[in-house]
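Here's my_file.cif, which has mmCIF, C-alpha atoms and all ligand atoms:
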```cif
data_work
loop_
_atom_site.label_atom_id
_atom_site.label_comp_id
_atom_site.auth_asym_id
_atom_site.auth_seq_id
_atom_site.Cartn_x
_atom_site.Cartn_y
_atom_site.Cartn_z
CA MET A 121 -11.90 61.12 17.84
CA ASP A 122 -14.26 60.80 20.79
CA LYS A 123 -17.51 62.58 20.17
CA LYS A 124 -17.84 63.66 23.77
CA THR A 125 -15.33 66.01 25.29
CA ASP A 126 -12.91 64.09 27.43
CA THR A 127 -10.17 66.69 27.53
CA LYS A 128 -9.76 66.70 31.28
CA SER A 129 -9.94 62.92 31.55
CA LYS A 130 -7.12 62.76 28.99
CA MET A 131 -5.10 65.24 30.99
CA TYR A 132 -5.59 63.32 34.24
CA PHE A 133 -4.84 60.02 32.52
CA GLY A 134 -1.57 61.43 31.23
CA ALA A 135 -0.59 62.59 34.70
CA ALA A 136 -1.81 59.36 36.30
CA LYS A 137 0.30 57.20 34.02
CA LEU A 138 3.44 58.91 35.32
CA ARG A 139 2.74 58.03 38.94
CA ILE A 140 0.40 55.02 38.95
CA PRO A 141 0.92 51.77 37.02
CA GLY A 142 -1.17 52.11 33.87
CA GLY A 143 -2.64 55.26 35.39
CA VAL A 144 -5.12 53.24 37.45
CA ASN A 145 -5.43 51.49 40.77
CA SER A 146 -7.13 48.42 39.28
CA PRO A 147 -6.34 47.27 35.74
CA VAL A 148 -9.79 47.09 34.13
CA ARG A 149 -10.27 50.82 34.75
CA ALA A 150 -7.62 51.65 32.15
CA PHE A 151 -10.05 50.85 29.29
CA GLY A 152 -7.24 48.86 27.65
CA ALA A 153 -9.64 46.39 26.06
CA VAL A 154 -11.82 49.02 24.42
CA GLY A 155 -9.24 51.49 23.16
CA ARG A 156 -10.66 54.59 24.81
CA THR A 157 -9.50 57.05 27.44
CA PRO A 158 -10.86 56.15 30.86
CA ARG A 159 -13.22 58.71 32.29
CA PHE A 160 -12.00 60.24 35.53
CA MET A 161 -15.02 60.46 37.80
CA VAL A 162 -15.92 63.14 40.30
CA SER A 163 -19.35 62.23 41.60
CA ALA A 164 -22.24 59.83 41.29
CA LYS A 165 -25.85 59.93 42.38
CA GLY A 166 -28.63 57.43 41.74
CA ASP A 167 -28.04 55.79 38.37
CA ARG A 168 -25.80 58.59 37.07
CA ILE A 169 -22.06 59.07 37.25
CA THR A 170 -20.31 62.32 36.31
CA ASP A 171 -16.77 62.74 35.02
CA VAL A 172 -14.28 65.61 35.28
CA ASP A 173 -15.42 67.04 31.95
CA GLY A 174 -18.99 67.24 33.21
CA ASN A 175 -20.35 64.30 31.22
CA GLU A 176 -23.22 62.74 33.13
CA MET A 177 -23.64 59.09 32.20
CA ILE A 178 -26.13 56.34 33.03
CA ASP A 179 -23.96 53.93 34.95
CA TYR A 180 -24.15 50.15 34.42
CA VAL A 181 -20.85 49.44 36.15
CA CYS A 182 -22.17 50.46 39.58
CA SER A 183 -18.64 50.21 41.00
CA TRP A 184 -18.62 46.55 39.89
CA GLY A 185 -21.46 45.54 42.13
CA PRO A 186 -21.69 47.32 45.47
CA GLY A 187 -24.12 49.89 44.12
CA ILE A 188 -27.31 47.82 44.20
CA LEU A 189 -29.24 50.80 45.58
CA GLY A 190 -27.61 53.20 43.15
CA HIS A 191 -24.99 55.75 44.07
CA ALA A 192 -25.02 57.79 47.25
CA ASP A 193 -28.30 56.51 48.61
CA PRO A 194 -29.24 59.19 51.18
CA ARG A 195 -30.13 56.60 53.83
CA VAL A 196 -26.69 55.02 53.60
CA ILE A 197 -24.87 58.34 53.41
CA GLU A 198 -26.60 59.54 56.56
CA LYS A 199 -25.46 56.48 58.53
CA VAL A 200 -21.92 56.87 57.22
CA LYS A 201 -21.82 60.52 58.25
CA GLU A 202 -23.09 59.66 61.72
CA ALA A 203 -20.43 56.98 62.03
CA CYS A 204 -17.67 59.34 60.83
CA ASP A 205 -18.48 61.78 63.61
CA MET A 206 -17.91 59.02 66.16
CA GLY A 207 -14.38 58.14 64.97
CA LEU A 208 -12.92 56.49 61.89
CA THR A 209 -11.33 53.38 63.35
CA PHE A 210 -10.82 51.87 66.77
CA GLY A 211 -9.02 48.58 66.22
CA ALA A 212 -11.28 47.14 68.90
CA PRO A 213 -14.62 45.31 68.80
CA THR A 214 -17.73 47.40 68.14
CA PRO A 215 -21.48 46.83 68.47
CA ARG A 216 -21.92 47.20 64.69
CA GLU A 217 -19.78 44.14 64.07
CA VAL A 218 -22.20 42.08 66.15
CA GLU A 219 -25.13 43.58 64.29
CA ILE A 220 -23.74 42.85 60.83
CA ALA A 221 -22.68 39.28 61.75
CA GLU A 222 -26.22 38.67 62.99
CA LEU A 223 -27.72 40.22 59.86
CA ILE A 224 -25.49 38.11 57.62
CA ALA A 225 -26.52 34.94 59.49
CA GLU A 226 -30.17 35.92 59.20
CA LEU A 227 -30.08 36.68 55.48
CA VAL A 228 -27.62 33.93 54.48
CA PRO A 229 -28.39 31.16 57.00
CA SER A 230 -25.45 28.96 55.97
CA MET A 231 -23.16 31.71 57.31
CA GLU A 232 -23.67 30.78 60.93
CA VAL A 233 -20.38 32.33 61.93
CA SER A 234 -18.55 34.93 59.84
CA ARG A 235 -15.46 37.11 59.85
CA LEU A 236 -15.14 40.56 58.28
CA VAL A 237 -12.16 41.54 56.15
CA SER A 238 -11.59 44.50 53.84
CA SER A 239 -11.89 43.04 50.32
CA GLY A 240 -13.20 40.10 48.35
CA THR A 241 -9.65 38.95 47.74
CA GLU A 242 -9.01 38.65 51.46
CA ALA A 243 -12.33 36.92 52.04
CA VAL A 244 -11.54 34.19 49.52
CA MET A 245 -7.92 33.80 50.57
CA SER A 246 -9.02 33.36 54.18
CA ALA A 247 -11.91 30.99 53.39
CA ILE A 248 -9.49 28.73 51.55
CA ARG A 249 -7.02 28.79 54.42
CA CYS A 250 -9.90 27.88 56.72
CA ALA A 251 -10.97 25.00 54.46
CA ARG A 252 -7.42 23.68 54.34
CA GLY A 253 -7.07 23.95 58.09
CA TYR A 254 -10.34 22.14 58.65
CA THR A 255 -9.83 19.30 56.18
CA LYS A 256 -6.05 19.08 56.68
CA ARG A 257 -5.76 18.84 52.91
CA ASP A 258 -3.87 21.14 50.54
CA LYS A 259 -5.45 21.03 47.10
CA ILE A 260 -8.36 23.10 45.87
CA ILE A 261 -10.37 23.02 42.67
CA LYS A 262 -11.32 26.24 40.93
CA PHE A 263 -12.92 26.81 37.54
CA LYS A 264 -11.41 28.28 34.43
CA GLY A 265 -12.72 31.80 33.93
CA CYS A 266 -13.80 32.24 37.55
CA TYR A 267 -12.05 35.08 39.39
CA HIS A 268 -11.55 34.93 43.12
CA GLY A 269 -9.34 37.93 43.77
CA HIS A 270 -5.63 38.36 43.26
CA SER A 271 -4.09 36.16 45.95
CA ASP A 272 -1.20 34.06 44.65
CA GLY A 273 -2.83 30.64 44.74
CA LEU A 274 -5.90 31.75 42.84
CA LEU A 275 -4.34 33.51 39.87
CA VAL A 276 -4.61 30.37 37.82
CA LYS A 277 -6.82 29.41 34.97
CA ALA A 278 -4.50 26.68 33.63
CA GLY A 279 -3.30 25.80 30.14
CA SER A 280 -5.83 24.34 27.77
CA ALA A 281 -4.82 20.69 27.95
CA ALA A 282 -3.84 20.72 31.58
CA LEU A 283 -6.54 19.90 34.03
CA THR A 284 -4.10 18.51 36.52
CA THR A 285 -1.20 20.93 36.25
CA SER A 286 -1.49 24.59 37.03
CA VAL A 287 0.47 27.54 35.81
CA PRO A 288 0.19 31.02 37.32
CA ASP A 289 -1.45 33.74 35.18
CA SER A 290 0.67 36.49 36.67
CA ALA A 291 4.37 37.13 36.78
CA GLY A 292 5.61 37.17 40.33
CA VAL A 293 3.64 34.11 41.39
CA PRO A 294 5.96 31.15 42.00
CA ALA A 295 4.67 27.98 40.34
CA ASP A 296 5.10 26.35 43.74
CA TYR A 297 2.33 28.60 45.09
CA THR A 298 -0.17 27.39 42.52
CA LYS A 299 0.70 23.73 42.41
CA HIS A 300 -2.18 22.92 44.75
CA THR A 301 -4.70 24.76 42.59
CA LEU A 302 -6.45 22.37 40.20
CA VAL A 303 -8.55 23.83 37.43
CA ALA A 304 -11.80 22.39 36.11
CA ALA A 305 -14.13 23.69 33.40
CA TYR A 306 -17.27 25.57 34.42
CA ASN A 307 -20.47 23.61 33.76
CA ASP A 308 -18.38 20.51 33.02
CA LYS A 309 -19.08 17.85 35.63
CA GLU A 310 -16.69 15.34 34.06
CA SER A 311 -13.73 17.67 34.52
CA VAL A 312 -14.51 17.89 38.24
CA LYS A 313 -14.99 14.13 38.57
CA GLU A 314 -11.64 13.48 36.94
CA LEU A 315 -9.85 15.74 39.40
CA PHE A 316 -11.49 14.07 42.39
CA GLN A 317 -10.73 10.62 41.02
CA ALA A 318 -7.09 11.54 40.52
CA ASN A 319 -6.76 13.16 43.98
CA PRO A 320 -9.39 11.45 46.14
CA ASP A 321 -8.01 12.32 49.60
CA GLU A 322 -6.25 15.57 48.81
CA ILE A 323 -8.89 18.12 47.87
CA ALA A 324 -9.78 20.54 50.65
CA ALA A 325 -12.41 22.48 48.74
CA VAL A 326 -14.09 23.33 45.49
CA ILE A 327 -14.50 27.08 45.05
CA VAL A 328 -16.93 28.40 42.49
CA GLU A 329 -18.72 31.57 41.50
CA PRO A 330 -22.26 30.12 41.58
CA VAL A 331 -23.03 32.44 38.68
CA ALA A 332 -19.78 33.18 36.93
CA ALA A 333 -19.46 36.92 36.39
CA ASN A 334 -15.79 37.37 35.59
CA MET A 335 -15.77 35.87 32.11
CA GLY A 336 -18.83 37.94 31.40
CA VAL A 337 -21.94 36.51 33.02
CA VAL A 338 -22.23 32.74 32.62
CA LEU A 339 -25.10 30.87 34.25
CA PRO A 340 -24.70 27.47 35.88
CA GLU A 341 -26.53 24.69 34.08
CA ASP A 342 -29.40 23.18 36.04
CA ASP A 343 -27.58 20.34 37.75
CA PHE A 344 -24.11 21.86 38.01
CA LEU A 345 -24.29 23.37 41.51
CA PRO A 346 -26.20 20.39 43.03
CA PHE A 347 -23.55 18.15 41.48
CA LEU A 348 -20.78 20.15 43.16
CA ARG A 349 -22.60 19.81 46.46
CA GLU A 350 -22.82 16.04 46.06
CA ILE A 351 -19.31 15.36 44.88
CA THR A 352 -17.66 17.51 47.56
CA GLU A 353 -19.64 15.67 50.23
CA ALA A 354 -18.76 12.29 48.74
CA TYR A 355 -15.03 13.07 48.89
CA GLY A 356 -15.00 14.89 52.24
CA ALA A 357 -14.15 18.23 50.62
CA LEU A 358 -15.82 21.56 51.37
CA LEU A 359 -17.89 23.56 48.91
CA ILE A 360 -17.13 27.28 48.88
CA PHE A 361 -19.46 29.66 47.05
CA ASP A 362 -17.71 32.88 46.11
CA GLU A 363 -20.69 35.20 46.36
CA VAL A 364 -18.67 38.42 46.21
CA ILE A 365 -20.82 39.41 43.22
CA THR A 366 -23.97 37.30 43.69
CA GLY A 367 -24.35 37.86 47.44
CA PHE A 368 -27.42 40.02 48.19
CA ARG A 369 -27.72 40.56 44.44
CA LEU A 370 -29.37 37.48 42.97
CA SER A 371 -31.64 37.39 45.98
CA LEU A 372 -31.47 38.51 49.58
CA GLY A 373 -29.87 35.17 50.40
CA GLY A 374 -27.61 35.25 47.34
CA ALA A 375 -27.10 32.52 44.77
CA GLN A 376 -27.39 29.80 47.39
CA GLN A 377 -30.94 30.83 48.10
CA TYR A 378 -31.71 31.37 44.42
CA PHE A 379 -30.51 27.88 43.44
CA HIS A 380 -31.30 26.08 46.72
CA VAL A 381 -27.78 24.74 47.10
CA THR A 382 -26.07 25.26 50.46
CA PRO A 383 -22.28 25.59 50.53
CA ASP A 384 -20.10 24.96 53.57
CA LEU A 385 -18.38 28.33 53.31
CA THR A 386 -19.36 31.56 51.55
CA THR A 387 -17.37 34.62 50.64
CA LEU A 388 -18.93 38.06 50.33
CA GLY A 389 -17.76 41.50 49.25
CA LYS A 390 -19.17 44.49 47.39
CA ILE A 391 -22.82 44.85 48.58
CA VAL A 392 -22.00 43.73 52.13
CA GLY A 393 -19.96 46.93 52.46
CA GLY A 394 -22.55 49.21 50.87
CA GLY A 395 -19.80 50.97 48.90
CA MET A 396 -17.10 50.81 51.55
CA PRO A 397 -14.19 48.32 51.50
CA VAL A 398 -15.62 45.20 53.15
CA GLY A 399 -15.40 41.49 52.53
CA ALA A 400 -16.67 38.64 54.66
CA TYR A 401 -16.28 34.91 54.86
CA GLY A 402 -18.29 32.52 56.90
CA GLY A 403 -20.19 29.30 57.07
CA ARG A 404 -20.83 26.27 59.22
CA GLU A 405 -19.96 26.91 62.81
CA ASP A 406 -17.70 23.88 63.28
CA ILE A 407 -15.62 24.95 60.29
CA MET A 408 -15.43 28.63 61.23
CA ARG A 409 -14.28 27.72 64.77
CA MET A 410 -10.97 26.91 63.10
CA ILE A 411 -10.30 30.66 62.85
CA SER A 412 -8.02 32.35 65.36
CA PRO A 413 -8.44 32.96 68.27
CA ASP A 414 -10.99 30.10 68.48
CA GLY A 415 -8.77 27.80 66.46
CA PRO A 416 -5.39 27.35 64.78
CA VAL A 417 -6.06 29.10 61.42
CA TYR A 418 -4.57 32.59 61.62
CA GLN A 419 -6.26 35.57 59.96
CA ALA A 420 -6.35 39.21 61.07
CA GLY A 421 -6.81 42.81 59.88
CA THR A 422 -6.07 46.28 61.28
CA LEU A 423 -9.15 47.81 59.66
CA SER A 424 -11.36 44.70 59.68
CA GLY A 425 -14.89 45.52 60.89
CA ASN A 426 -14.18 49.22 60.45
CA PRO A 427 -16.97 51.36 61.94
CA ILE A 428 -17.66 53.42 58.81
CA ALA A 429 -17.67 50.38 56.55
CA THR A 430 -19.98 48.41 58.81
CA ALA A 431 -22.35 51.39 59.09
CA ALA A 432 -22.68 51.47 55.28
CA GLY A 433 -23.03 47.71 55.06
CA ILE A 434 -25.64 47.38 57.79
CA GLU A 435 -27.83 50.13 56.34
CA THR A 436 -27.61 48.64 52.84
CA LEU A 437 -28.53 45.15 54.06
CA LYS A 438 -31.41 46.53 56.13
CA ILE A 439 -32.81 48.43 53.16
CA LEU A 440 -32.68 45.25 51.06
CA LYS A 441 -34.23 43.19 53.85
CA ASN A 442 -37.11 45.63 54.32
CA ASP A 443 -37.88 45.88 50.60
CA PRO A 444 -37.68 42.36 49.15
CA ALA A 445 -39.63 43.47 46.06
CA ILE A 446 -36.40 45.14 44.96
CA TYR A 447 -35.27 41.84 43.39
CA LYS A 448 -38.34 41.65 41.17
CA ARG A 449 -37.84 45.26 40.07
CA LEU A 450 -34.18 44.61 39.29
CA GLU A 451 -35.00 41.50 37.26
CA GLU A 452 -37.68 43.30 35.24
CA LYS A 453 -35.41 46.18 34.35
CA THR A 454 -32.51 43.97 33.39
CA LYS A 455 -34.75 41.70 31.34
CA LYS A 456 -35.89 44.73 29.35
CA LEU A 457 -32.28 45.48 28.46
CA ALA A 458 -31.61 41.85 27.52
CA ASP A 459 -34.75 41.69 25.38
CA ALA A 460 -33.84 44.92 23.59
CA VAL A 461 -30.52 43.41 22.55
CA ARG A 462 -32.01 40.05 21.60
CA ASN A 463 -34.74 41.67 19.54
CA ALA A 464 -32.34 43.92 17.67
CA ALA A 465 -29.42 41.55 17.16
CA GLY A 466 -31.21 38.20 16.98
CA ASP A 467 -28.99 35.17 17.26
CA LYS A 468 -25.86 36.99 16.13
CA VAL A 469 -25.16 37.75 19.77
CA SER A 470 -25.53 35.72 22.95
CA VAL A 471 -27.13 37.54 25.86
CA ASN A 472 -26.76 36.04 29.33
CA GLN A 473 -28.95 37.57 32.01
CA ILE A 474 -29.95 36.57 35.50
CA GLY A 475 -31.42 38.94 38.07
CA SER A 476 -29.61 42.25 37.71
CA LEU A 477 -26.51 40.74 36.07
CA MET A 478 -26.09 40.68 32.32
CA SER A 479 -23.55 40.28 29.52
CA ILE A 480 -23.72 40.66 25.77
CA PHE A 481 -21.33 38.33 23.93
CA PHE A 482 -20.66 38.99 20.27
CA THR A 483 -20.82 35.35 19.32
CA PRO A 484 -23.80 33.21 18.33
CA GLY A 485 -24.88 29.95 19.89
CA GLY A 486 -24.90 30.76 23.59
CA VAL A 487 -22.11 31.08 26.15
CA LYS A 488 -21.87 28.51 28.92
CA ASN A 489 -18.16 28.31 29.71
CA TYR A 490 -14.81 30.03 29.27
CA GLU A 491 -14.19 28.64 25.79
CA ASP A 492 -17.52 30.02 24.58
CA ALA A 493 -16.86 33.38 26.23
CA VAL A 494 -13.48 33.89 24.58
CA ARG A 495 -15.06 33.29 21.17
CA SER A 496 -16.77 36.67 21.47
CA ASP A 497 -15.66 39.24 18.89
CA LEU A 498 -13.74 41.70 21.05
CA ASN A 499 -13.60 44.33 18.32
CA ALA A 500 -17.38 44.26 18.19
CA TYR A 501 -17.46 44.63 21.96
CA ALA A 502 -15.18 47.68 21.75
CA GLN A 503 -17.38 49.18 19.04
CA TYR A 504 -20.50 48.63 21.17
CA PHE A 505 -18.80 50.08 24.25
CA GLY A 506 -17.66 53.17 22.32
CA PHE A 507 -21.10 53.76 20.82
CA MET A 508 -22.76 53.58 24.22
CA LEU A 509 -20.12 55.78 25.87
CA ASP A 510 -20.55 58.39 23.16
CA HIS A 511 -24.24 58.40 24.06
CA ASP A 512 -23.53 58.81 27.77
CA ILE A 513 -24.11 55.20 28.73
CA TYR A 514 -21.31 53.80 30.88
CA MET A 515 -20.97 50.06 30.29
CA ALA A 516 -18.33 47.60 31.50
CA PRO A 517 -15.12 48.42 29.57
CA SER A 518 -14.37 44.74 29.01
CA GLN A 519 -16.20 41.78 27.52
CA PHE A 520 -15.20 39.70 30.50
CA GLU A 521 -17.06 41.67 33.13
CA ALA A 522 -20.70 41.83 34.14
CA MET A 523 -23.08 44.69 33.60
CA PHE A 524 -24.95 45.70 36.77
CA VAL A 525 -28.39 47.21 37.21
CA SER A 526 -29.38 49.03 40.39
CA ASP A 527 -32.64 49.91 42.07
CA ALA A 528 -31.91 53.54 41.20
CA HIS A 529 -32.09 52.93 37.44
CA THR A 530 -35.21 54.82 36.43
CA ASP A 531 -37.69 53.44 33.92
CA GLU A 532 -36.91 56.43 31.74
CA ASP A 533 -33.19 55.66 31.77
CA ILE A 534 -33.80 51.97 31.10
CA THR A 535 -36.00 52.91 28.13
CA ARG A 536 -33.35 55.29 26.83
CA THR A 537 -30.71 52.59 27.21
CA CYS A 538 -32.91 50.05 25.40
CA ARG A 539 -33.34 52.46 22.50
CA LEU A 540 -29.61 53.03 22.23
CA LEU A 541 -28.81 49.32 22.55
CA GLN A 542 -31.19 48.66 19.71
CA GLU A 543 -29.69 51.41 17.56
CA CYS A 544 -26.19 50.16 18.34
CA MET A 545 -27.01 46.53 17.49
CA GLU A 546 -28.74 47.47 14.25
CA ASN A 547 -25.85 49.65 13.12
CA MET A 548 -23.28 47.00 13.98
CA HIS A 549 -24.95 44.38 11.90
CA GLU A 550 -25.73 46.43 8.82
N1 LIG B 1 -14.47 37.14 43.94
C1 LIG B 1 -15.26 37.55 42.95
C2 LIG B 1 -16.33 36.63 42.43
C3 LIG B 1 -15.10 38.82 42.41
O1 LIG B 1 -15.88 39.23 41.39
C4 LIG B 1 -14.09 39.67 42.94
C5 LIG B 1 -13.84 41.05 42.38
N2 LIG B 1 -14.59 41.50 41.39
C6 LIG B 1 -13.30 39.18 43.97
C7 LIG B 1 -13.53 37.92 44.46
C8 LIG B 1 -12.22 40.02 44.56
O2 LIG B 1 -12.79 41.07 45.29
P1 LIG B 1 -11.95 42.41 45.57
O3 LIG B 1 -11.75 43.07 44.26
O4 LIG B 1 -12.82 43.16 46.52
O5 LIG B 1 -10.68 41.99 46.21
#
```

Translate this structure into structure tokens?
Amino acid sequence: MDKKTDTKSKMYFGAAKLRIPGGVNSPVRAFGAVGRTPRFMVSAKGDRITDVDGNEMIDYVCSWGPGILGHADPRVIEKVKEACDMGLTFGAPTPREVEIAELIAELVPSMEVSRLVSSGTEAVMSAIRCARGYTKRDKIIKFKGCYHGHSDGLLVKAGSAALTTSVPDSAGVPADYTKHTLVAAYNDKESVKELFQANPDEIAAVIVEPVAANMGVVLPEDDFLPFLREITEAYGALLIFDEVITGFRLSLGGAQQYFHVTPDLTTLGKIVGGGMPVGAYGGREDIMRMISPDGPVYQAGTLSGNPIATAAGIETLKILKNDPAIYKRLEEKTKKLADAVRNAAGDKVSVNQIGSLMSIFFTPGGVKNYEDAVRSDLNAYAQYFGFMLDHDIYMAPSQFEAMFVSDAHTDEDITRTCRLLQECMENMHE
């Protein structure tokens, strides 16, 4: 039995399951991988999130990334309230859209021209359409274990032996829709070379999470991203960085600034909307001029560039821009958490950490690709998750997700979390 009271969450979950698939509006929220009842949340402030039973938890999910400033930052909330008073949506151009496009170009210089959409999924789907329109080629390469949203062509991680054939991961996706999606292995240059050699004039783009964060956090090896830059150029394909998670998180200029590798196109989500539903895609001007109405690649959205969403996004980006030391603070805090785990568990676990992203894998020997990640002991992960939840620490309810630290995480809460991580690791390995 759960130590904490979750009576009301259980009640809501029961009711939710009757009317919503799995009781949730996005699958990971159902806690299926950790065997617990999902907490139904009512409010969040700073680094704390509070559920319907009144449990106040230190939150390391941070809404899966948007919450880099912590929850309900008063500066952002104020701008959102101001925007609300002026009208929720116009379906017409607004000054804020100009401001945010300029800010994006300033902070992520490769995004000379960008388009706003309402989710990361849409951003990636549209960037790929743009790349195909520009190169007049159909195939794309993605990496096993990288997630790029739920559009049909990207729900592929491919069978183990098949680097050149692609099967959809989801029912309802015709195999015909994924036949142009080739799958390579993350951090494996040879697998990419083979695909280019087999399809030299057919690959429109390589899309990659520059730091993979959807198989847990997996860092690129030193020469992996520069290699992708070189090989795409050599074959006339585009390089797309999916920075939906890393954008404005690894650094103000995202992973591309952090690793000094410049993609042709970039996709953003999460932080760019400051907690509101926003995605963006953009890149080199000549490529982005393909997009309608400048060019022949169609893409549109009723709520794209929504005034409330752009108000939240602009304020969040401005706060980050005016306080660049935030990235050092985030790194220090996250490193403390990583060190606490490493010190307590030694080499029985693999801890991947970069900036404010982190994952604990219950497998020794390091994790640098999908095969390593899936070796993690998922029962151990569930045990760790349950222990932390019972101590009011809200961690990612799946091994294959990142843990996020925000600027609102107080030193006191980080210290408390370190203590509990240590206790948890020691108990697990007795
Ligand atoms: N790309 C990456 C790298 C992501 O992590 C996600 C979602 N976590 C997406 C795309 C899809 O974004 P959304 O859920 O906003 O559609």

Practice item. Work out how far apart atom CA of Val338 of chain A and atom CA of Arg149 of chain A are and give it in Å to one decimal. Key: 21.8 Å

Could you give me, as a PDB file with C-alpha atoms, keeping the file's coordinate frame, the residues that sit within 10 Å of (-37.0, 45.7, 34.5) in the file's coordinates, counting only C-alpha atoms?
```pdb
ATOM      1  CA  TYR A 447     -35.270  41.840  43.390  1.00  0.00           C
ATOM      2  CA  LYS A 448     -38.340  41.650  41.170  1.00  0.00           C
ATOM      3  CA  ARG A 449     -37.840  45.260  40.070  1.00  0.00           C
ATOM      4  CA  LEU A 450     -34.180  44.610  39.290  1.00  0.00           C
ATOM      5  CA  GLU A 451     -35.000  41.500  37.260  1.00  0.00           C
ATOM      6  CA  GLU A 452     -37.680  43.300  35.240  1.00  0.00           C
ATOM      7  CA  LYS A 453     -35.410  46.180  34.350  1.00  0.00           C
ATOM      8  CA  THR A 454     -32.510  43.970  33.390  1.00  0.00           C
ATOM      9  CA  LYS A 455     -34.750  41.700  31.340  1.00  0.00           C
ATOM     10  CA  LYS A 456     -35.890  44.730  29.350  1.00  0.00           C
ATOM     11  CA  LEU A 457     -32.280  45.480  28.460  1.00  0.00           C
ATOM     12  CA  ALA A 458     -31.610  41.850  27.520  1.00  0.00           C
ATOM     13  CA  GLY A 475     -31.420  38.940  38.070  1.00  0.00           C
ATOM     14  CA  SER A 476     -29.610  42.250  37.710  1.00  0.00           C
ATOM     15  CA  VAL A 525     -28.390  47.210  37.210  1.00  0.00           C
ATOM     16  CA  ASP A 527     -32.640  49.910  42.070  1.00  0.00           C
ATOM     17  CA  HIS A 529     -32.090  52.930  37.440  1.00  0.00           C
ATOM     18  CA  THR A 530     -35.210  54.820  36.430  1.00  0.00           C
ATOM     19  CA  ASP A 531     -37.690  53.440  33.920  1.00  0.00           C
ATOM     20  CA  ILE A 534     -33.800  51.970  31.100  1.00  0.00           C
ATOM     21  CA  THR A 535     -36.000  52.910  28.130  1.00  0.00           C
TER      22      THR A 535
END
```

Exercise for review: Return as a count of residues only the residues of protein, DNA or RNA that approach ligand LIG 1 (chain B) to within 9 Å, with only C-alpha atoms and all ligand atoms taken into account.
Suggested key: 37

Practice item. Grab the atom CA of Arg349 of chain A to atom CA of Asp384 of chain A distance for me, in Å with one decimal place. Key: 9.1 Å

Exercise for review: Mind giving me the straight-line distance from atom CA of Ala516 of chain A to atom CA of Phe481 of chain A in Å, one decimal?
Suggested key: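 Rounded to one decimal, the two atoms are 12.3 Å apart.
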
Would you tabulate, counting all atoms listed in the file, all residues of segment 182-265 of chain A that have an atom at most 10 Å from an atom of segment 291-308 of chain A, showing the closest pair of atoms and their distance in Å to one decimal, sorted by chain then ascending number, as JSON lines?
```
{"residue": "A:Arg257", "atom": "CA", "partner": "A:His300", "partner_atom": "CA", "distance": 9.8}
{"residue": "A:Asp258", "atom": "CA", "partner": "A:His300", "partner_atom": "CA", "distance": 6.3}
{"residue": "A:Lys259", "atom": "CA", "partner": "A:His300", "partner_atom": "CA", "distance": 4.4}
{"residue": "A:Ile260", "atom": "CA", "partner": "A:Thr301", "partner_atom": "CA", "distance": 5.2}
{"residue": "A:Ile261", "atom": "CA", "partner": "A:Leu302", "partner_atom": "CA", "distance": 4.7}
{"residue": "A:Lys262", "atom": "CA", "partner": "A:Val303", "partner_atom": "CA", "distance": 5.1}
{"residue": "A:Phe263", "atom": "CA", "partner": "A:Ala304", "partner_atom": "CA", "distance": 4.8}
{"residue": "A:Lys264", "atom": "CA", "partner": "A:Ala305", "partner_atom": "CA", "distance": 5.4}
{"residue": "A:Gly265", "atom": "CA", "partner": "A:Tyr306", "partner_atom": "CA", "distance": 7.7}
```

Review point. Looking at A:Arg409, A:His511, A:Lys130, A:Arg156, which one is nearest to Glu176 of chain A, with distances taken over all atoms listed in the file?
Key: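 The closest residue to Glu176 of chain A is A:His511.
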
Report as a PDB file with C-alpha atoms, in the coordinates of the input all protein, DNA and RNA residues lying within 7 Å of segment 460-465 of chain A, evaluated on only C-alpha atoms, omitting residues in the same chain fewer than 6 positions from it.
```
ATOM      1  CA  VAL A 471     -27.130  37.540  25.860  1.00  0.00           C
ATOM      2  CA  CYS A 538     -32.910  50.050  25.400  1.00  0.00           C
ATOM      3  CA  LEU A 541     -28.810  49.320  22.550  1.00  0.00           C
ATOM      4  CA  GLN A 542     -31.190  48.660  19.710  1.00  0.00           C
ATOM      5  CA  MET A 545     -27.010  46.530  17.490  1.00  0.00           C
ATOM      6  CA  GLU A 546     -28.740  47.470  14.250  1.00  0.00           C
TER       7      GLU A 546
END
```

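Between Asn499 of chain A and the candidates A:Ala153, A:Val181, A:Ala251, A:Met408, the tightest atom-to-atom separation, counting only C-alpha atoms, involves A:Ala153.
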
**Study point:** Selected residue of minimal separation from Gln376 of chain A among A:Ser526, A:Gln519, A:Thr209, A:Ser230, counting all atoms listed in the file
**Key:** A:Ser230

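Distances from A:Leu315, A:Glu322, A:Lys277, A:Leu509 to Tyr490 of chain A were compared using only C-alpha atoms, and the smallest one belongs to A:Lys277.
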
Review point. Any idea what's packed within 9 Å of Val233 of chain A, counting all atoms listed in the file, ignoring anything in its chain fewer than 5 positions away? Could you give it as number ranges by chain?
Key: A: 221-222, 224-225, 401-409

Review point. Of the candidates A:Thr382, A:Asn547, A:Thr127, A:Ser424, which one gets nearest to Ala500 of chain A if we count all atoms listed in the file?
Key: A:Asn547
